[in-house]
Each structure stands twice: as C-alpha cells, then as structure tokens.
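S.K.: This is data_8.txt, which holds compact mmCIF, N, CA and C atoms:
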# COMPACT_ATOMS: atom_id res chain seq x y z
N LYS M 789 216.80 -36.06 -222.49
CA LYS M 789 216.42 -35.70 -223.86
C LYS M 789 215.21 -36.53 -224.30
N ASP M 790 214.43 -35.95 -225.15
CA ASP M 790 213.24 -36.61 -225.67
C ASP M 790 213.61 -37.60 -226.75
N ILE M 791 212.84 -38.67 -226.85
CA ILE M 791 213.12 -39.71 -227.82
C ILE M 791 212.98 -39.25 -229.27
N LEU M 792 212.17 -38.24 -229.51
CA LEU M 792 211.97 -37.76 -230.87
C LEU M 792 212.80 -36.53 -231.20
N ALA M 793 213.62 -36.07 -230.27
CA ALA M 793 214.37 -34.83 -230.47
C ALA M 793 215.29 -34.92 -231.68
N GLY M 794 215.93 -36.05 -231.86
CA GLY M 794 216.84 -36.19 -232.98
C GLY M 794 216.15 -36.09 -234.33
N GLU M 795 214.90 -36.54 -234.40
CA GLU M 795 214.17 -36.51 -235.65
C GLU M 795 213.68 -35.11 -236.00
N THR M 796 213.42 -34.30 -234.99
CA THR M 796 212.80 -33.00 -235.25
C THR M 796 213.79 -31.85 -235.21
N GLY M 797 214.94 -32.04 -234.56
CA GLY M 797 215.92 -30.98 -234.45
C GLY M 797 215.60 -29.97 -233.37
N ILE M 798 214.57 -30.20 -232.59
CA ILE M 798 214.21 -29.28 -231.51
C ILE M 798 215.14 -29.52 -230.34
N GLU M 799 215.76 -28.46 -229.84
CA GLU M 799 216.76 -28.60 -228.80
C GLU M 799 216.20 -28.90 -227.42
N GLU M 800 215.05 -28.30 -227.05
CA GLU M 800 214.48 -28.50 -225.73
C GLU M 800 213.03 -28.94 -225.85
N PRO M 801 212.80 -30.19 -226.29
CA PRO M 801 211.43 -30.64 -226.49
C PRO M 801 210.74 -30.96 -225.18
N VAL M 802 209.42 -31.15 -225.28
CA VAL M 802 208.68 -31.61 -224.11
C VAL M 802 209.19 -33.00 -223.75
N GLY M 803 208.97 -33.43 -222.52
CA GLY M 803 209.40 -34.75 -222.09
C GLY M 803 208.67 -35.86 -222.83
N ALA M 804 209.31 -37.00 -222.94
CA ALA M 804 208.74 -38.13 -223.68
C ALA M 804 207.40 -38.58 -223.11
N ALA M 805 207.30 -38.72 -221.80
CA ALA M 805 206.05 -39.18 -221.20
C ALA M 805 204.92 -38.19 -221.45
N GLU M 806 205.21 -36.91 -221.30
CA GLU M 806 204.20 -35.88 -221.53
C GLU M 806 203.79 -35.85 -223.00
N LEU M 807 204.74 -36.02 -223.88
CA LEU M 807 204.45 -36.04 -225.31
C LEU M 807 203.51 -37.19 -225.65
N VAL M 808 203.81 -38.37 -225.15
CA VAL M 808 202.97 -39.54 -225.42
C VAL M 808 201.58 -39.34 -224.84
N ARG M 809 201.50 -38.83 -223.62
CA ARG M 809 200.21 -38.61 -222.98
C ARG M 809 199.36 -37.64 -223.81
N LYS M 810 199.96 -36.54 -224.22
CA LYS M 810 199.22 -35.55 -225.02
C LYS M 810 198.81 -36.12 -226.37
N ALA M 811 199.70 -36.83 -227.01
CA ALA M 811 199.43 -37.35 -228.35
C ALA M 811 198.33 -38.40 -228.35
N LEU M 812 198.19 -39.13 -227.25
CA LEU M 812 197.19 -40.20 -227.19
C LEU M 812 195.93 -39.79 -226.45
N SER M 813 195.89 -38.61 -225.89
CA SER M 813 194.79 -38.22 -225.01
C SER M 813 193.42 -38.19 -225.69
N LYS M 814 193.36 -37.96 -226.97
CA LYS M 814 192.07 -37.86 -227.66
C LYS M 814 191.68 -39.15 -228.37
N ASN M 815 192.49 -40.18 -228.25
CA ASN M 815 192.18 -41.44 -228.91
C ASN M 815 191.05 -42.17 -228.19
N ARG M 816 190.32 -42.97 -228.94
CA ARG M 816 189.20 -43.71 -228.36
C ARG M 816 189.67 -44.82 -227.42
N ASN M 817 190.81 -45.40 -227.68
CA ASN M 817 191.32 -46.48 -226.84
C ASN M 817 192.79 -46.20 -226.49
N PRO M 818 193.04 -45.21 -225.62
CA PRO M 818 194.42 -44.80 -225.35
C PRO M 818 195.28 -45.90 -224.71
N ALA M 819 194.70 -46.80 -223.93
CA ALA M 819 195.50 -47.85 -223.31
C ALA M 819 196.06 -48.80 -224.37
N ARG M 820 195.22 -49.21 -225.31
CA ARG M 820 195.68 -50.09 -226.40
C ARG M 820 196.69 -49.35 -227.27
N ASP M 821 196.37 -48.09 -227.59
CA ASP M 821 197.26 -47.31 -228.45
C ASP M 821 198.61 -47.09 -227.79
N LEU M 822 198.62 -46.92 -226.47
CA LEU M 822 199.89 -46.79 -225.75
C LEU M 822 200.73 -48.05 -225.90
N GLN M 823 200.09 -49.20 -225.82
CA GLN M 823 200.83 -50.46 -226.01
C GLN M 823 201.44 -50.50 -227.40
N VAL M 824 200.68 -50.12 -228.41
CA VAL M 824 201.19 -50.10 -229.78
C VAL M 824 202.41 -49.18 -229.88
N VAL M 825 202.29 -47.98 -229.34
CA VAL M 825 203.38 -47.00 -229.42
C VAL M 825 204.63 -47.52 -228.70
N ILE M 826 204.45 -48.05 -227.52
CA ILE M 826 205.60 -48.56 -226.76
C ILE M 826 206.29 -49.69 -227.52
N PHE M 827 205.50 -50.64 -228.01
CA PHE M 827 206.10 -51.75 -228.77
C PHE M 827 206.84 -51.23 -230.01
N ARG M 828 206.24 -50.27 -230.73
CA ARG M 828 206.90 -49.74 -231.92
C ARG M 828 208.19 -49.02 -231.56
N LEU M 829 208.16 -48.22 -230.49
CA LEU M 829 209.37 -47.51 -230.08
C LEU M 829 210.46 -48.46 -229.60
N GLU M 830 210.05 -49.64 -229.14
CA GLU M 830 211.03 -50.65 -228.73
C GLU M 830 211.53 -51.47 -229.91
N GLY M 831 211.01 -51.21 -231.10
CA GLY M 831 211.52 -51.84 -232.31
C GLY M 831 210.75 -53.06 -232.80
N TYR M 832 209.63 -53.37 -232.19
CA TYR M 832 208.85 -54.50 -232.65
C TYR M 832 208.19 -54.19 -233.99
N LYS M 833 208.02 -55.21 -234.81
CA LYS M 833 207.38 -55.06 -236.11
C LYS M 833 205.87 -55.01 -235.94
N ALA M 834 205.21 -54.30 -236.85
CA ALA M 834 203.75 -54.16 -236.80
C ALA M 834 203.06 -55.52 -236.78
N LYS M 835 203.57 -56.46 -237.55
CA LYS M 835 202.96 -57.80 -237.60
C LYS M 835 202.98 -58.46 -236.23
N ASP M 836 204.11 -58.36 -235.52
CA ASP M 836 204.24 -58.98 -234.20
C ASP M 836 203.33 -58.30 -233.18
N ILE M 837 203.25 -56.99 -233.26
CA ILE M 837 202.37 -56.24 -232.34
C ILE M 837 200.92 -56.61 -232.61
N ALA M 838 200.56 -56.68 -233.88
CA ALA M 838 199.19 -57.01 -234.26
C ALA M 838 198.79 -58.38 -233.71
N GLU M 839 199.67 -59.35 -233.84
CA GLU M 839 199.38 -60.68 -233.32
C GLU M 839 199.21 -60.66 -231.81
N GLN M 840 200.06 -59.93 -231.12
CA GLN M 840 200.03 -59.86 -229.66
C GLN M 840 198.75 -59.19 -229.16
N LEU M 841 198.30 -58.15 -229.86
CA LEU M 841 197.16 -57.36 -229.39
C LEU M 841 195.84 -57.70 -230.09
N GLY M 842 195.88 -58.64 -231.03
CA GLY M 842 194.66 -59.02 -231.73
C GLY M 842 194.17 -57.97 -232.71
N LEU M 843 195.10 -57.30 -233.36
CA LEU M 843 194.79 -56.27 -234.35
C LEU M 843 195.34 -56.68 -235.70
N SER M 844 194.98 -55.94 -236.72
CA SER M 844 195.61 -56.13 -238.02
C SER M 844 196.89 -55.30 -238.07
N SER M 845 197.80 -55.69 -238.93
CA SER M 845 199.04 -54.91 -239.10
C SER M 845 198.71 -53.50 -239.57
N ALA M 846 197.70 -53.37 -240.41
CA ALA M 846 197.29 -52.05 -240.90
C ALA M 846 196.81 -51.17 -239.75
N SER M 847 196.09 -51.75 -238.80
CA SER M 847 195.63 -50.98 -237.64
C SER M 847 196.79 -50.51 -236.78
N VAL M 848 197.76 -51.37 -236.59
CA VAL M 848 198.95 -51.00 -235.82
C VAL M 848 199.66 -49.84 -236.50
N ASP M 849 199.85 -49.94 -237.80
CA ASP M 849 200.51 -48.86 -238.54
C ASP M 849 199.71 -47.56 -238.45
N LYS M 850 198.41 -47.66 -238.56
CA LYS M 850 197.55 -46.47 -238.50
C LYS M 850 197.65 -45.81 -237.12
N ILE M 851 197.60 -46.61 -236.06
CA ILE M 851 197.70 -46.07 -234.69
C ILE M 851 199.04 -45.38 -234.51
N TYR M 852 200.12 -46.05 -234.92
CA TYR M 852 201.45 -45.47 -234.73
C TYR M 852 201.64 -44.23 -235.58
N ASN M 853 201.19 -44.26 -236.82
CA ASN M 853 201.35 -43.09 -237.69
C ASN M 853 200.56 -41.90 -237.17
N ARG M 854 199.35 -42.15 -236.65
CA ARG M 854 198.54 -41.08 -236.05
C ARG M 854 199.26 -40.49 -234.83
N PHE M 855 199.82 -41.38 -234.00
CA PHE M 855 200.59 -40.92 -232.84
C PHE M 855 201.77 -40.06 -233.29
N HIS M 856 202.51 -40.55 -234.25
CA HIS M 856 203.72 -39.86 -234.70
C HIS M 856 203.39 -38.48 -235.27
N GLU M 857 202.31 -38.41 -236.05
CA GLU M 857 201.89 -37.13 -236.62
C GLU M 857 201.49 -36.16 -235.50
N ARG M 858 200.72 -36.63 -234.55
CA ARG M 858 200.28 -35.78 -233.43
C ARG M 858 201.49 -35.36 -232.59
N ALA M 859 202.43 -36.26 -232.37
CA ALA M 859 203.63 -35.93 -231.59
C ALA M 859 204.42 -34.81 -232.27
N ARG M 860 204.55 -34.88 -233.58
CA ARG M 860 205.25 -33.82 -234.31
C ARG M 860 204.53 -32.48 -234.17
N GLU M 861 203.20 -32.52 -234.23
CA GLU M 861 202.41 -31.29 -234.06
C GLU M 861 202.65 -30.69 -232.67
N ILE M 862 202.65 -31.55 -231.66
CA ILE M 862 202.86 -31.09 -230.28
C ILE M 862 204.25 -30.47 -230.13
N LEU M 863 205.26 -31.13 -230.69
CA LEU M 863 206.62 -30.61 -230.61
C LEU M 863 206.74 -29.28 -231.35
N ALA M 864 206.08 -29.16 -232.49
CA ALA M 864 206.11 -27.90 -233.23
C ALA M 864 205.43 -26.78 -232.44
N GLU M 865 204.28 -27.09 -231.81
CA GLU M 865 203.59 -26.11 -230.98
C GLU M 865 204.48 -25.67 -229.81
N ASP M 866 205.14 -26.64 -229.20
CA ASP M 866 206.03 -26.34 -228.08
C ASP M 866 207.18 -25.43 -228.53
N GLN M 867 207.72 -25.72 -229.71
CA GLN M 867 208.82 -24.91 -230.25
C GLN M 867 208.35 -23.49 -230.53
N ARG M 868 207.13 -23.34 -231.12
CA ARG M 868 206.60 -22.00 -231.40
C ARG M 868 206.40 -21.21 -230.11
N ARG M 869 205.86 -21.86 -229.08
CA ARG M 869 205.67 -21.18 -227.80
C ARG M 869 207.00 -20.75 -227.21
N SER M 870 207.99 -21.59 -227.33
CA SER M 870 209.33 -21.27 -226.83
C SER M 870 209.91 -20.06 -227.58
N GLU M 871 209.77 -20.07 -228.89
CA GLU M 871 210.28 -18.95 -229.69
C GLU M 871 209.51 -17.66 -229.41
N ASP M 872 208.18 -17.77 -229.23
CA ASP M 872 207.38 -16.59 -228.90
C ASP M 872 207.79 -16.01 -227.56
N GLY M 873 208.09 -16.87 -226.61
CA GLY M 873 208.52 -16.42 -225.29
C GLY M 873 209.87 -15.70 -225.34
N LYS M 874 210.77 -16.20 -226.16
CA LYS M 874 212.08 -15.59 -226.32
C LYS M 874 211.97 -14.24 -227.04
N ALA M 875 211.05 -14.15 -228.00
CA ALA M 875 210.89 -12.92 -228.78
C ALA M 875 210.30 -11.80 -227.93
N SER M 876 209.50 -12.16 -226.94
CA SER M 876 208.86 -11.12 -226.12
C SER M 876 209.74 -10.67 -224.95
N GLU M 877 210.89 -11.29 -224.78
CA GLU M 877 211.78 -10.90 -223.68
C GLU M 877 212.52 -9.63 -223.97
Write out the structure in this file as structure tokens.
M.R.:
Amino acid sequence: KDILAGETGIEEPVGAAELVRKALSKNRNPARDLQVVIFRLEGYKAKDIAEQLGLSSASVDKIYNRFHERAREILAEDQRRSEDGKASE
C-alpha cells in the first residue's frame, strides 16, 4: 500500500517510490528535496531538517508542501485514469 493512500482514500494508488520520483522530477534540486521529503515522512521536524541540510525551516516547509501538493495531483490523475479505464470496459 502507498504511504499516502490513507489520506486520499484511493484504493489502488501508484507505488510510493514512483509517486516520490514523479513529484520531485521537475524540481531544481531533486536530491536535496528527496532528503527533505524522506526526513518529513519519517517524522522529523522542519527545524531539525533545516539544521541538518543547511536550509531555513520555511524552505523545508515549502519543499515538503510543494511535494505533497504534487503527490496529491499525481494520485488524482492516476485515479481518473483508472476510472476512465473501467468506464470504457
């Protein structure tokens, strides 16, 4: 099961790794952003992540919020494609 499935209610979401890859693919610094996302998903506070990575807490929040918004868009697109496929059967 996908890590965000419970939040969205989607029964068969894309895999977590694929979701993260897609959500971060257009970012200017995907390696750094991946670290932020992983730390946030593991429960670390923005302040602690910021200190570890040399960022401001606001930057950490912005990176994670952008990821989360894009992840929701990807899951919604995946759900629409799934529903369209079922409707055409």
S.K.: Could you pull the residues within 7 Å of range 835-844 of chain M, counting only C-alpha atoms, minus those fewer than 4 positions along the same chain, as a ChimeraX atom specification?
M.R.: /M:824,827,848
S.K.: Rank nothing, just name the residue among M:Val808, M:Asp849, M:Arg869, M:Arg816 nearest to Tyr832 in chain M, using only C-alpha atoms.
M.R.: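 Using only C-alpha atoms, the shortest distance to Tyr832 in chain M belongs to M:Asp849.
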S.K.: For each of M:Ser845, M:Leu829, M:Arg854, M:Ala834, take the minimum atom-to-atom distance to Leu812 in chain M, counting only N, CA and C atoms, then give the residue where this is smallest.
M.R.: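 Of M:Ser845, M:Leu829, M:Arg854, M:Ala834, the one nearest Leu812 in chain M, counting only N, CA and C atoms, is M:Arg854.
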S.K.: Using all atoms listed in the file, find the one residue out of M:Asn817, M:Ala811, M:Glu830, M:Gly873 that sits nearest to Phe855 in chain M.
M.R.: M:Ala811
S.K.: Quick one, how far is atom N of Leu807 in chain M from atom C of Lys833 in chain M?
M.R.: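 We find that atom N of Leu807 in chain M and atom C of Lys833 in chain M lie 22.5 Å from each other.
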S.K.: Provide an axis-aligned box for all listed atoms of range 837-849 of chain M, padding each side by 6 Å; report its centre and its edge lengths in Å to one decimal, as lines of an AutoDock Vina configuration file.
M.R.:
center_x = 198.7
center_y = -54.1
center_z = -235.0
size_x = 21.1
size_y = 25.1
size_z = 23.7
S.K.: Quick one: distance from CA of Asp821 in chain M to atom C of Ile862 in chain M in Å, one decimal?
M.R.: 18.3 Å
S.K.: Please measure the separation of atom N of Glu871 in chain M and atom N of Gly803 in chain M, giving the value in Å to one decimal.
M.R.: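 Atom-to-atom, atom N of Glu871 in chain M and atom N of Gly803 in chain M are spaced 14.8 Å apart.
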S.K.: Missing atoms in range 817-828 of chain M: can you complete it with all heavy atoms, as an mmCIF file, keeping the file's coordinate frame?
M.R.:
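Output (out-v6.cif):
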data_model
loop_
_atom_site.group_PDB
_atom_site.id
_atom_site.type_symbol
_atom_site.label_atom_id
_atom_site.label_comp_id
_atom_site.auth_asym_id
_atom_site.auth_seq_id
_atom_site.Cartn_x
_atom_site.Cartn_y
_atom_site.Cartn_z
ATOM 1 N N ASN M 817 190.810 -45.400 -227.680
ATOM 2 C CA ASN M 817 191.320 -46.480 -226.840
ATOM 3 C C ASN M 817 192.790 -46.200 -226.490
ATOM 4 O O ASN M 817 193.698 -46.855 -226.993
ATOM 5 C CB ASN M 817 191.180 -47.823 -227.562
ATOM 6 C CG ASN M 817 191.417 -49.003 -226.659
ATOM 7 O OD1 ASN M 817 192.009 -48.877 -225.594
ATOM 8 N ND2 ASN M 817 190.958 -50.165 -227.083
ATOM 9 N N PRO M 818 193.040 -45.210 -225.620
ATOM 10 C CA PRO M 818 194.420 -44.800 -225.350
ATOM 11 C C PRO M 818 195.280 -45.900 -224.710
ATOM 12 O O PRO M 818 196.481 -45.937 -224.957
ATOM 13 C CB PRO M 818 194.272 -43.600 -224.427
ATOM 14 C CG PRO M 818 192.899 -43.661 -223.891
ATOM 15 C CD PRO M 818 192.069 -44.415 -224.892
ATOM 16 N N ALA M 819 194.700 -46.800 -223.930
ATOM 17 C CA ALA M 819 195.500 -47.850 -223.310
ATOM 18 C C ALA M 819 196.060 -48.800 -224.370
ATOM 19 O O ALA M 819 197.251 -49.133 -224.354
ATOM 20 C CB ALA M 819 194.659 -48.619 -222.289
ATOM 21 N N ARG M 820 195.220 -49.210 -225.310
ATOM 22 C CA ARG M 820 195.680 -50.090 -226.400
ATOM 23 C C ARG M 820 196.690 -49.350 -227.270
ATOM 24 O O ARG M 820 197.732 -49.887 -227.647
ATOM 25 C CB ARG M 820 194.493 -50.542 -227.236
ATOM 26 C CG ARG M 820 194.908 -51.461 -228.394
ATOM 27 C CD ARG M 820 194.016 -51.373 -229.600
ATOM 28 N NE ARG M 820 193.875 -50.004 -230.066
ATOM 29 C CZ ARG M 820 192.822 -49.584 -230.743
ATOM 30 N NH1 ARG M 820 191.826 -50.380 -230.997
ATOM 31 N NH2 ARG M 820 192.756 -48.327 -231.168
ATOM 32 N N ASP M 821 196.370 -48.090 -227.590
ATOM 33 C CA ASP M 821 197.260 -47.310 -228.450
ATOM 34 C C ASP M 821 198.610 -47.090 -227.790
ATOM 35 O O ASP M 821 199.644 -47.097 -228.457
ATOM 36 C CB ASP M 821 196.605 -45.979 -228.803
ATOM 37 C CG ASP M 821 195.359 -46.156 -229.665
ATOM 38 O OD1 ASP M 821 195.048 -47.312 -230.048
ATOM 39 O OD2 ASP M 821 194.696 -45.152 -229.948
ATOM 40 N N LEU M 822 198.620 -46.920 -226.470
ATOM 41 C CA LEU M 822 199.890 -46.790 -225.750
ATOM 42 C C LEU M 822 200.730 -48.050 -225.900
ATOM 43 O O LEU M 822 201.938 -47.968 -226.102
ATOM 44 C CB LEU M 822 199.625 -46.482 -224.278
ATOM 45 C CG LEU M 822 200.862 -46.364 -223.388
ATOM 46 C CD1 LEU M 822 201.780 -45.246 -223.872
ATOM 47 C CD2 LEU M 822 200.452 -46.136 -221.948
ATOM 48 N N GLN M 823 200.090 -49.200 -225.820
ATOM 49 C CA GLN M 823 200.830 -50.460 -226.010
ATOM 50 C C GLN M 823 201.440 -50.500 -227.400
ATOM 51 O O GLN M 823 202.609 -50.881 -227.554
ATOM 52 C CB GLN M 823 199.895 -51.658 -225.827
ATOM 53 C CG GLN M 823 199.473 -51.888 -224.397
ATOM 54 C CD GLN M 823 198.541 -53.074 -224.284
ATOM 55 O OE1 GLN M 823 197.567 -53.175 -225.024
ATOM 56 N NE2 GLN M 823 198.860 -53.971 -223.375
ATOM 57 N N VAL M 824 200.680 -50.120 -228.410
ATOM 58 C CA VAL M 824 201.190 -50.100 -229.780
ATOM 59 C C VAL M 824 202.410 -49.180 -229.880
ATOM 60 O O VAL M 824 203.453 -49.561 -230.414
ATOM 61 C CB VAL M 824 200.098 -49.658 -230.786
ATOM 62 C CG1 VAL M 824 200.701 -49.370 -232.161
ATOM 63 C CG2 VAL M 824 199.002 -50.712 -230.887
ATOM 64 N N VAL M 825 202.290 -47.980 -229.340
ATOM 65 C CA VAL M 825 203.380 -47.000 -229.420
ATOM 66 C C VAL M 825 204.630 -47.520 -228.700
ATOM 67 O O VAL M 825 205.730 -47.447 -229.232
ATOM 68 C CB VAL M 825 202.927 -45.634 -228.849
ATOM 69 C CG1 VAL M 825 204.111 -44.698 -228.674
ATOM 70 C CG2 VAL M 825 201.873 -45.015 -229.755
ATOM 71 N N ILE M 826 204.450 -48.050 -227.520
ATOM 72 C CA ILE M 826 205.600 -48.560 -226.760
ATOM 73 C C ILE M 826 206.290 -49.690 -227.520
ATOM 74 O O ILE M 826 207.517 -49.695 -227.669
ATOM 75 C CB ILE M 826 205.172 -49.008 -225.356
ATOM 76 C CG1 ILE M 826 204.826 -47.786 -224.506
ATOM 77 C CG2 ILE M 826 206.276 -49.831 -224.688
ATOM 78 C CD1 ILE M 826 204.183 -48.115 -223.181
ATOM 79 N N PHE M 827 205.500 -50.640 -228.010
ATOM 80 C CA PHE M 827 206.100 -51.750 -228.770
ATOM 81 C C PHE M 827 206.840 -51.230 -230.010
ATOM 82 O O PHE M 827 207.942 -51.698 -230.310
ATOM 83 C CB PHE M 827 205.039 -52.766 -229.199
ATOM 84 C CG PHE M 827 204.598 -53.704 -228.112
ATOM 85 C CD1 PHE M 827 203.247 -53.993 -227.941
ATOM 86 C CD2 PHE M 827 205.499 -54.322 -227.269
ATOM 87 C CE1 PHE M 827 202.817 -54.873 -226.958
ATOM 88 C CE2 PHE M 827 205.089 -55.192 -226.273
ATOM 89 C CZ PHE M 827 203.741 -55.469 -226.118
ATOM 90 N N ARG M 828 206.240 -50.270 -230.730
ATOM 91 C CA ARG M 828 206.900 -49.740 -231.920
ATOM 92 C C ARG M 828 208.190 -49.020 -231.560
ATOM 93 O O ARG M 828 209.198 -49.167 -232.246
ATOM 94 C CB ARG M 828 205.961 -48.790 -232.690
ATOM 95 C CG ARG M 828 204.811 -49.492 -233.378
ATOM 96 C CD ARG M 828 205.250 -50.379 -234.508
ATOM 97 N NE ARG M 828 205.644 -49.549 -235.641
ATOM 98 C CZ ARG M 828 206.426 -49.963 -236.622
ATOM 99 N NH1 ARG M 828 206.894 -51.184 -236.631
ATOM 100 N NH2 ARG M 828 206.747 -49.156 -237.597
#
